[in-house]
Amino acid sequence: MSTATLTGVCPECETDLTVPPLVQGETLSCPECMLTLRVEAVDNGRLTLQMVEVQLRDWGQ
């Protein structure tokens with residue numbers, strides 16, 4: 001049974017992240033600043049993360 005994990009750094013708050021295996025294009029949330037991040041690349045167990053802009057829905061109020 002493998003317990004492989006990947007590591008990366010949040011580009012916003014610079015928190016070190018350790019996550020279960022992810023693939024390019026998947027998203028996750030930083031536990032520190034709650035920013036949504038997308039996996040841009042996975043290289044040798046290291047993640048390259050990019051901030052995802054979340055657009056809030058305008059309900060016309």
# chains A, B, ... in the order shown; residues from 1 in each chain; ligands from 1

call {"tool": "select_by_dssp", "arguments": {"residues": "chain A", "states": "strand (DSSP E or B)", "output": "list in words"}}
result
Leu6, Thr7, Gly8, Val9, Asp16, Leu17, Thr18, Val19, Thr27, Leu28, Ser29, Thr36, Leu37, Arg38, Val39, Glu40, Ala41, Val42, Asp43, Arg46, Leu47, Thr48, Leu49, Gln50 and Met51 of chain A

call {"tool": "residues_around", "arguments": {"residues": "Glu14 of chain A", "least_positions_apart": "6", "cutoff": "10 Å", "atoms": "only C-alpha atoms", "output": "JSON, numbers by chain"}}
result
{"A": [8, 30, 32, 33]}

call {"tool": "write_last_selection", "arguments": {"atoms": "all heavy atoms", "output": "compact mmCIF listing (two decimals), in the first residue's frame"}}
result
# COMPACT_ATOMS: atom_id res chain seq x y z
N GLY A 8 4.08 21.20 -2.46
CA GLY A 8 4.04 22.43 -3.23
C GLY A 8 3.95 23.60 -2.28
O GLY A 8 3.88 23.42 -1.06
N CYS A 30 -6.01 26.00 -0.52
CA CYS A 30 -4.97 26.19 0.48
C CYS A 30 -5.63 26.21 1.85
O CYS A 30 -6.58 26.97 2.06
CB CYS A 30 -4.23 27.50 0.22
SG CYS A 30 -3.03 27.89 1.52
N GLU A 32 -4.55 27.42 4.54
CA GLU A 32 -4.21 28.63 5.28
C GLU A 32 -5.01 29.84 4.80
O GLU A 32 -5.70 30.50 5.57
CB GLU A 32 -2.71 28.90 5.14
CG GLU A 32 -2.20 30.01 6.03
CD GLU A 32 -2.27 29.66 7.51
OE1 GLU A 32 -2.14 28.47 7.87
OE2 GLU A 32 -2.47 30.58 8.30
N CYS A 33 -4.96 30.14 3.48
CA CYS A 33 -5.62 31.35 2.97
C CYS A 33 -6.91 31.04 2.21
O CYS A 33 -7.58 31.96 1.73
CB CYS A 33 -4.66 32.15 2.09
SG CYS A 33 -4.23 31.33 0.53

call {"tool": "closest_residue", "arguments": {"among": "A:Val19, A:Val9, A:Leu28, A:Ala4", "to": "Thr48 of chain A", "atoms": "only C-alpha atoms"}}
result
A:Val9

call {"tool": "closest_residue", "arguments": {"among": "A:Arg38, A:Pro31, A:Gly25, A:Gly60", "to": "Cys13 of chain A", "atoms": "only C-alpha atoms"}}
result
A:Pro31

call {"tool": "residues_around", "arguments": {"residues": "Ser29 of chain A", "least_positions_apart": "3", "cutoff": "12 Å", "atoms": "only C-alpha atoms", "output": "JSON, numbers by chain"}}
result
{"A": [9, 10, 11, 12, 15, 17, 18, 19, 26, 32, 33, 34, 35, 36, 37, 38, 39, 49, 50, 51, 52, 54]}

call {"tool": "write_last_selection", "arguments": {"atoms": "C-alpha atoms", "output": "PDB file, in the first residue's frame"}}
result
ATOM      1  CA  VAL A   9       3.851  26.013  -2.049  1.00  0.00           C
ATOM      2  CA  CYS A  10       0.826  28.297  -2.147  1.00  0.00           C
ATOM      3  CA  PRO A  11       1.690  31.195  -4.480  1.00  0.00           C
ATOM      4  CA  GLU A  12      -0.339  33.616  -2.337  1.00  0.00           C
ATOM      5  CA  THR A  15       2.322  27.924   2.935  1.00  0.00           C
ATOM      6  CA  LEU A  17       1.436  22.043   1.178  1.00  0.00           C
ATOM      7  CA  THR A  18       1.572  18.253   1.340  1.00  0.00           C
ATOM      8  CA  VAL A  19      -1.237  16.574  -0.584  1.00  0.00           C
ATOM      9  CA  GLU A  26      -6.911  19.297 -10.665  1.00  0.00           C
ATOM     10  CA  GLU A  32      -4.212  28.633   5.278  1.00  0.00           C
ATOM     11  CA  CYS A  33      -5.620  31.353   2.969  1.00  0.00           C
ATOM     12  CA  MET A  34      -8.487  29.295   1.418  1.00  0.00           C
ATOM     13  CA  LEU A  35      -7.390  30.267  -2.109  1.00  0.00           C
ATOM     14  CA  THR A  36      -8.374  27.867  -4.895  1.00  0.00           C
ATOM     15  CA  LEU A  37      -5.264  26.533  -6.624  1.00  0.00           C
ATOM     16  CA  ARG A  38      -4.845  24.572  -9.868  1.00  0.00           C
ATOM     17  CA  VAL A  39      -2.054  22.058 -10.454  1.00  0.00           C
ATOM     18  CA  LEU A  49       0.465  25.656  -8.390  1.00  0.00           C
ATOM     19  CA  GLN A  50      -1.404  28.569  -9.969  1.00  0.00           C
ATOM     20  CA  MET A  51      -4.070  30.737  -8.380  1.00  0.00           C
ATOM     21  CA  VAL A  52      -7.562  30.222  -9.851  1.00  0.00           C
ATOM     22  CA  VAL A  54     -13.213  32.452  -8.839  1.00  0.00           C
TER      23      VAL A  54
END

call {"tool": "atom_distance", "arguments": {"atom1": "atom CA of Glu53 of chain A", "atom2": "atom CA of Asp16 of chain A"}}
result
20.6 Å

call {"tool": "closest_residue", "arguments": {"among": "A:Arg57, A:Thr27, A:Pro20, A:Thr7", "to": "Asp43 of chain A", "atoms": "only C-alpha atoms"}}
result
A:Thr7

call {"tool": "decode", "arguments": {"residues": "chain A", "atoms": "C-alpha atoms", "output": "compact mmCIF listing (two decimals), in the first residue's frame"}}
result
# COMPACT_ATOMS: atom_id res chain seq x y z
CA MET A 1 0.00 0.00 0.00
CA SER A 2 1.54 3.30 -1.12
CA THR A 3 1.34 6.48 0.92
CA ALA A 4 2.83 8.75 -1.74
CA THR A 5 2.33 12.46 -1.27
CA LEU A 6 3.21 15.54 -3.29
CA THR A 7 4.49 18.87 -2.04
CA GLY A 8 4.04 22.43 -3.23
CA VAL A 9 3.85 26.01 -2.05
CA CYS A 10 0.83 28.30 -2.15
CA PRO A 11 1.69 31.19 -4.48
CA GLU A 12 -0.34 33.62 -2.34
CA CYS A 13 0.59 32.94 1.31
CA GLU A 14 3.65 30.70 0.70
CA THR A 15 2.32 27.92 2.94
CA ASP A 16 4.02 24.56 2.36
CA LEU A 17 1.44 22.04 1.18
CA THR A 18 1.57 18.25 1.34
CA VAL A 19 -1.24 16.57 -0.58
CA PRO A 20 -2.19 13.12 -1.87
CA PRO A 21 -1.31 12.43 -5.51
CA LEU A 22 -2.93 14.88 -7.93
CA VAL A 23 -2.65 15.30 -11.69
CA GLN A 24 -2.27 18.38 -13.86
CA GLY A 25 -5.49 20.40 -14.02
CA GLU A 26 -6.91 19.30 -10.67
CA THR A 27 -7.78 21.94 -8.08
CA LEU A 28 -7.35 22.18 -4.33
CA SER A 29 -7.78 24.79 -1.61
CA CYS A 30 -4.97 26.19 0.48
CA PRO A 31 -5.80 25.36 4.12
CA GLU A 32 -4.21 28.63 5.28
CA CYS A 33 -5.62 31.35 2.97
CA MET A 34 -8.49 29.29 1.42
CA LEU A 35 -7.39 30.27 -2.11
CA THR A 36 -8.37 27.87 -4.90
CA LEU A 37 -5.26 26.53 -6.62
CA ARG A 38 -4.85 24.57 -9.87
CA VAL A 39 -2.05 22.06 -10.45
CA GLU A 40 -0.08 23.39 -13.43
CA ALA A 41 2.62 20.70 -13.38
CA VAL A 42 3.84 17.74 -11.37
CA ASP A 43 7.60 17.17 -11.48
CA ASN A 44 9.44 14.66 -9.28
CA GLY A 45 6.84 14.83 -6.50
CA ARG A 46 6.76 18.63 -6.58
CA LEU A 47 3.65 20.59 -7.58
CA THR A 48 3.61 23.83 -9.52
CA LEU A 49 0.47 25.66 -8.39
CA GLN A 50 -1.40 28.57 -9.97
CA MET A 51 -4.07 30.74 -8.38
CA VAL A 52 -7.56 30.22 -9.85
CA GLU A 53 -9.80 33.25 -10.17
CA VAL A 54 -13.21 32.45 -8.84
CA GLN A 55 -15.99 34.53 -10.30
CA LEU A 56 -18.89 35.09 -7.97
CA ARG A 57 -22.32 34.90 -9.48
CA ASP A 58 -24.22 38.16 -9.79
CA TRP A 59 -27.80 37.49 -8.70
CA GLY A 60 -28.94 40.97 -9.85
CA GLN A 61 -29.88 42.26 -6.43
